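Worksheet: one structure, shown below.
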Amino acid sequence: MATTVEQRRHLATAIPGPRSQALQSRKLAAVSAGVGTGMPVYVERAGGGILVDVDGNQLIDFGSGIAVTTVGASAPRVVEAVKRQVEDFTHTCFMVTPYEEYVAVCEKLALLTPGDHKKRSALFNSGAEAVENAVKVARVFTGRTAVVAFDHAYHGRTNLTMALTAKSMPYKHGFGPFAGEVYRAPMAYPYRWTGDRERTAEEAFEAFATQVHAQVGEQNVAAVIIEPIQGEGGFIVPPAGWLRRVAQWCREHGILLIADEIQTGFCRTGEWFACDHEGVVPDLITTAKGIAGGLPLAAVTGRAEVMDAVHAGGLGGTYGGNPIACAAALAAMETMEVDDLRGRARAIEKLFLGRLQQLAEKFDVIGDIRGRGAMLAIELVKGRGDTTPNPELTAALNKYCHAHGLVTLTCGTYGNVFRFLPPLSISDELLSEGLDILEQAFVANA
Ligand SMILES: *Cc1c(COP(=O)(O)O)cnc(C)c1O
């Protein structure tokens, strides 16, 4: 890995150090309290699997800035492409005078996303914006208004995407009223779903289909939106066959399936997209996060006749598909292909699962281990057969890891899921060292 950031954990001060603390005081005085920081260390440089803070601490990164820096935070090809593009031009607005990079990203998305049908894409700035636009497209194409989302879903923080998101605190609390014609259906959540695991996929599908039929009516539904593996809701992996069953039901009823692959996309799960594991081809797919090596970019990609149903001028935005972000995306996707980051994600899964299973044998508070590729999690419970969520332990483990130079993230509707999203540019040595710290966190909190 050609990076200027030394690939070694190093603690120069307590975490956070004095410079970070001083910056945090300035933050409190200048930045809205509504914008939280999970770990208040201020970063100066980052790359490979290491973040370097302003006090000279070198931290192991198990978060990738929430699944964004999949290729690393200073991936050489991305750095070069961005430098070149900034020198050429920074912006023209694609809706005014277009440029090749935007078109090239859309061509690449057509090749990489599931299915070999004719596709079109439109580019935006954030995941939430992509989700909003996917819903706009689905409504125009179907002439219907209702959208069905799932329990534990996360789709963003704008008004429509808050309505689609399930969890109240902190995402929705006090921010209503929310956009209308959004309906919630039960999710297939194997760990917390009672019954025979073999039959779970069919049972979960029946619960979903029965509820949508009774409470919405299939003929009113424009789209079902689903994260193939739920992200913020707790890295929930539905049982095999469930997503395919939902996709089939959508087809039977003229309903579009929107796969929100904003967190799962671009090699994160060991395939280009999480839908690939199930052989599911969605009508529309939303992408963002890992797409551009840290630059803000998002996309809606879908069947040509669906995407082209929108009137000219109906989609767009001042910055959508900014040339610098597009240049970064092309370089990030090239890196994923050339460096075989799908293979790297699968290798990371293997390394993690071995260690996590050993941990689960020692600590019965680990109720479930799940995920795919470099998108893995443990669900923490009270232990000894008691599956009551344990958010207190989750927070304590997180705190321990942070204090010991490991950047970790939690998630889950019940705040009891500890998740792992390392950059795919991280070394095995740093992964093992990070897992050692996690094990020490369990010992310290046993
Ligand atoms: C992060 C995320 C979003 C929102 O993306 P933003 O870029 O933060 O607006 C939407 N859906 C999923 C699945 C996400 O993980």
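Each chain in the structure tokens gets a letter, A, B, ..., in the order shown, and its residues are numbered from 1; ligands are numbered from 1 in order too.
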
* Using the chain letters and numbers from this document, which residues of region 158-251 of chain A does DSSP assign to helix (DSSP H, G or I), as an NGL selection string? -> :A and (159-164 or 190-192 or 197-215 or 218-220 or 242-251)

For the contact check between chain A and ligand 1, emit one row per residue of chain A within 9 Å, containing the shortest atom pair and the distance in Å rounded to one decimal, counting only C-alpha atoms and all ligand atoms, chain then rising number order, as JSON lines.
```
{"residue": "A:Ile66", "atom": "CA", "partner": "ligand 1", "partner_atom_place_in_ligand_line": "1 (C)", "distance": 7.5}
{"residue": "A:Ala67", "atom": "CA", "partner": "ligand 1", "partner_atom_place_in_ligand_line": "15 (O)", "distance": 8.1}
{"residue": "A:Asn125", "atom": "CA", "partner": "ligand 1", "partner_atom_place_in_ligand_line": "7 (O)", "distance": 7.4}
{"residue": "A:Ser126", "atom": "CA", "partner": "ligand 1", "partner_atom_place_in_ligand_line": "7 (O)", "distance": 3.8}
{"residue": "A:Gly127", "atom": "CA", "partner": "ligand 1", "partner_atom_place_in_ligand_line": "5 (O)", "distance": 3.3}
{"residue": "A:Ala128", "atom": "CA", "partner": "ligand 1", "partner_atom_place_in_ligand_line": "9 (O)", "distance": 3.6}
{"residue": "A:Glu129", "atom": "CA", "partner": "ligand 1", "partner_atom_place_in_ligand_line": "9 (O)", "distance": 6.3}
{"residue": "A:Ala130", "atom": "CA", "partner": "ligand 1", "partner_atom_place_in_ligand_line": "9 (O)", "distance": 7.9}
{"residue": "A:Val131", "atom": "CA", "partner": "ligand 1", "partner_atom_place_in_ligand_line": "10 (C)", "distance": 6.9}
{"residue": "A:Ala153", "atom": "CA", "partner": "ligand 1", "partner_atom_place_in_ligand_line": "13 (C)", "distance": 7.7}
{"residue": "A:Tyr154", "atom": "CA", "partner": "ligand 1", "partner_atom_place_in_ligand_line": "11 (N)", "distance": 5.5}
{"residue": "A:His155", "atom": "CA", "partner": "ligand 1", "partner_atom_place_in_ligand_line": "10 (C)", "distance": 3.7}
{"residue": "A:Gly156", "atom": "CA", "partner": "ligand 1", "partner_atom_place_in_ligand_line": "4 (C)", "distance": 4.0}
{"residue": "A:Arg157", "atom": "CA", "partner": "ligand 1", "partner_atom_place_in_ligand_line": "9 (O)", "distance": 6.6}
{"residue": "A:Thr158", "atom": "CA", "partner": "ligand 1", "partner_atom_place_in_ligand_line": "9 (O)", "distance": 7.8}
{"residue": "A:Thr161", "atom": "CA", "partner": "ligand 1", "partner_atom_place_in_ligand_line": "10 (C)", "distance": 7.9}
{"residue": "A:Thr165", "atom": "CA", "partner": "ligand 1", "partner_atom_place_in_ligand_line": "11 (N)", "distance": 8.7}
{"residue": "A:Ile226", "atom": "CA", "partner": "ligand 1", "partner_atom_place_in_ligand_line": "13 (C)", "distance": 8.3}
{"residue": "A:Glu227", "atom": "CA", "partner": "ligand 1", "partner_atom_place_in_ligand_line": "13 (C)", "distance": 5.7}
{"residue": "A:Pro228", "atom": "CA", "partner": "ligand 1", "partner_atom_place_in_ligand_line": "13 (C)", "distance": 8.8}
{"residue": "A:Ile229", "atom": "CA", "partner": "ligand 1", "partner_atom_place_in_ligand_line": "13 (C)", "distance": 8.4}
{"residue": "A:Gln230", "atom": "CA", "partner": "ligand 1", "partner_atom_place_in_ligand_line": "13 (C)", "distance": 6.7}
{"residue": "A:Gly231", "atom": "CA", "partner": "ligand 1", "partner_atom_place_in_ligand_line": "15 (O)", "distance": 5.4}
{"residue": "A:Glu232", "atom": "CA", "partner": "ligand 1", "partner_atom_place_in_ligand_line": "15 (O)", "distance": 6.4}
{"residue": "A:Ala259", "atom": "CA", "partner": "ligand 1", "partner_atom_place_in_ligand_line": "13 (C)", "distance": 9.0}
{"residue": "A:Asp260", "atom": "CA", "partner": "ligand 1", "partner_atom_place_in_ligand_line": "13 (C)", "distance": 5.4}
{"residue": "A:Glu261", "atom": "CA", "partner": "ligand 1", "partner_atom_place_in_ligand_line": "13 (C)", "distance": 5.9}
{"residue": "A:Ile262", "atom": "CA", "partner": "ligand 1", "partner_atom_place_in_ligand_line": "12 (C)", "distance": 4.7}
{"residue": "A:Gln263", "atom": "CA", "partner": "ligand 1", "partner_atom_place_in_ligand_line": "15 (O)", "distance": 4.2}
{"residue": "A:Thr264", "atom": "CA", "partner": "ligand 1", "partner_atom_place_in_ligand_line": "13 (C)", "distance": 7.3}
{"residue": "A:Thr286", "atom": "CA", "partner": "ligand 1", "partner_atom_place_in_ligand_line": "11 (N)", "distance": 8.0}
{"residue": "A:Thr287", "atom": "CA", "partner": "ligand 1", "partner_atom_place_in_ligand_line": "11 (N)", "distance": 8.2}
{"residue": "A:Ala288", "atom": "CA", "partner": "ligand 1", "partner_atom_place_in_ligand_line": "7 (O)", "distance": 6.2}
{"residue": "A:Lys289", "atom": "CA", "partner": "ligand 1", "partner_atom_place_in_ligand_line": "7 (O)", "distance": 6.2}
{"residue": "A:Pro296", "atom": "CA", "partner": "ligand 1", "partner_atom_place_in_ligand_line": "7 (O)", "distance": 7.7}
{"residue": "A:Leu297", "atom": "CA", "partner": "ligand 1", "partner_atom_place_in_ligand_line": "7 (O)", "distance": 8.1}
{"residue": "A:Ala298", "atom": "CA", "partner": "ligand 1", "partner_atom_place_in_ligand_line": "7 (O)", "distance": 7.4}
```

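Of the residues listed (A:Phe124, A:Met162, A:Ile426, A:Leu112), A:Leu112 shows the shortest atom-to-atom separation from Cys275 (chain A); distances use only C-alpha atoms.
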
* Just how far from CA of Asp340 (chain A) is CA of Gly65 (chain A), in Å to one decimal? -> 21.2 Å

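Here the DSSP assignment of strand (DSSP E or B), based on backbone atoms, applies within region 108-282 of chain A to Lys119, Arg120, Ser121, Ala122, Leu123, Phe124, Ala146, Val147, Val148, Ala149, Phe150, Val182, Tyr183, Arg184, Ala185, Val221, Ala222, Ala223, Val224, Ile225, Ile226, Leu256, Leu257, Ile258, Ala259 and Asp260 of chain A.
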
* Skip Glu44 (chain A) itself and residues of its chain fewer than 6 positions away, then list as a count of residues only all residues within 7 Å of it, counting only C-alpha atoms. => 3

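Excluding Val212 (chain A) itself and same-chain residues fewer than 5 positions from it, the residues having an atom within 12 Å of it are A:Ala146, A:Val147, A:Val148, A:Ala149, A:Phe150, A:Val182, A:Tyr183, A:Arg184, A:Ala185, A:Pro186, A:Phe205, A:Glu206, A:Ala207, A:Gly217, A:Glu218, A:Gln219, A:Asn220, A:Val221, A:Ala223, A:Val224, A:Val246, A:Trp249, A:Cys250, A:His253, A:Ile255, counting only C-alpha atoms.
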
* Find, counting only C-alpha atoms, the residue in A:Ile285, A:Ala299, A:Val96, A:Val43 that gets nearest to Cys326 (chain A). => A:Ala299

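Closest approach to Trp272 (chain A) from the set A:Gly176, A:Pro238, A:Gly115, A:Gly367 is made by A:Gly115, with distances taken over only C-alpha atoms.
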
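Contact shell of region 69-79 of chain A at 6 Å (only C-alpha atoms; same-chain neighbours under 3 positions omitted): Ala46, Gly47, Gly48, Ser64, Val82, Gly290, Gly293, Gly294, Ala328, Ala331, Ala332, Pro423, Leu424 and Ser425 of chain A.
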
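Every protein, DNA or RNA residue with an atom at most 12 Å from Phe94 (chain A), where only C-alpha atoms count and chain neighbours fewer than 4 positions away do not, is listed here: Thr90, Pro98, Tyr99, Glu100, Glu101, Tyr102, Val103, Ala122, Leu123, Phe124, Gly313, Leu315, Gly316, Gly317, Thr318, Tyr319, Gly320, Gly321, Asn322, Pro323 and Cys326 of chain A.
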